[in-house]
Amino acid sequence: MRSYSSYVLIAVATLLVTCHALHKCPGIPGIPGLPGRDGLKGQIHLPGLLGPPGSLIGRPGRHGLPWLQGLPDSLDTERHDVLVNLKHRLSRLEGVLALNGKIREVGDKILASNGREVDFASALQSCEEAGGTIATPKNEEENKAILGIVKQYNRYAYLGIKEGQTSGQFMYINGTPLNYTKWHQYEPNGKGMEKCVEMYTDGSWNDKKCNVNRLTICEF
Ligand code: MMA
Ligand code: CA
């Protein structure tokens, strides 16, 4: 009498051998990646038993689940090849988008605008619906990259910075304190009446009312 787990193992082994022979692995979903810049919000996983890095299922035979140990090295090689191919395709797509002026890349961030001028809440909503947030310059390099888009459209843009309860105290929209600023001379001057922040076409910042229409720039 075979144990239940041995039937499972045979079924998995049969599936793997068959799908690799046919080069048509069915894509049993991997465990989704953690949300975040590299996690692609769990929407893309490698097929089959080979979840993405950081998933609960690791490389067979090393830190994988015990019943997955001893699977052929060819599966690891295939996972590596799939990753190399995906990275190559992604970098080509980014090249096309950058060439066409659709995106700017700065560090690990990708910046993009839909060209629309709307109030702050609508701009934030569009960015979040697209899986990002409003562009938030955290250093001079990021500020310059956002400025590139501001100049491209020749429009002032909202930034992902808001005034807290205490007048004059600005913070990132996740509530953490600013560690880089680029205020225009004599700004911020809204004294609690201008709770949003816009970027001028020279890259400097002005506190501004949140109900005026400004260019939407998102970061991803
Ligand atoms: C406007 C408004 C303010 C800004 C001043 C600068 C008159 O108010 O944009 O936010 O500080 O201009 O002169
Ligand atoms: Ca102001």
# chains A, B, ... in the order shown; residues from 1 in each chain; ligands from 1

call {"tool": "select_by_dssp", "arguments": {"residues": "stretch 63-174 of chain A", "states": "strand (DSSP E)", "output": "number ranges by chain"}}
result
A: 104-106, 109-118, 133-134, 157-163, 170-172

call {"tool": "residues_near_ligand", "arguments": {"ligand": "ligand 1", "cutoff": "9 Å", "atoms": "only C-alpha atoms and all ligand atoms", "output": "number ranges by chain"}}
result
A: 184, 186-190, 194, 197-198, 206-209

call {"tool": "residues_around", "arguments": {"residues": "stretch 104-113 of chain A", "least_positions_apart": "3", "cutoff": "6 Å", "atoms": "only C-alpha atoms", "output": "number ranges by chain"}}
result
A: 216-220

call {"tool": "atom_distance", "arguments": {"atom1": "atom CA of A:Asn139", "atom2": "atom CA of A:Ser167"}}
result
23.4 Å

call {"tool": "atom_distance", "arguments": {"atom1": "atom CA of A:Arg155", "atom2": "atom CA of A:Tyr200"}}
result
7.8 Å

call {"tool": "residues_around", "arguments": {"residues": "A:Gln125", "least_positions_apart": "4", "cutoff": "12 Å", "atoms": "only C-alpha atoms", "output": "list in words"}}
result
Val118, Asp119, Phe120, Ala121, Glu129, Ala130, Gly131, Gly132, Thr133, Ile134, Gly160, Thr216, Ile217 and Cys218 of chain A

call {"tool": "atom_distance", "arguments": {"atom1": "atom CA of A:His88", "atom2": "atom CA of A:Glu128"}}
result
27.0 Å
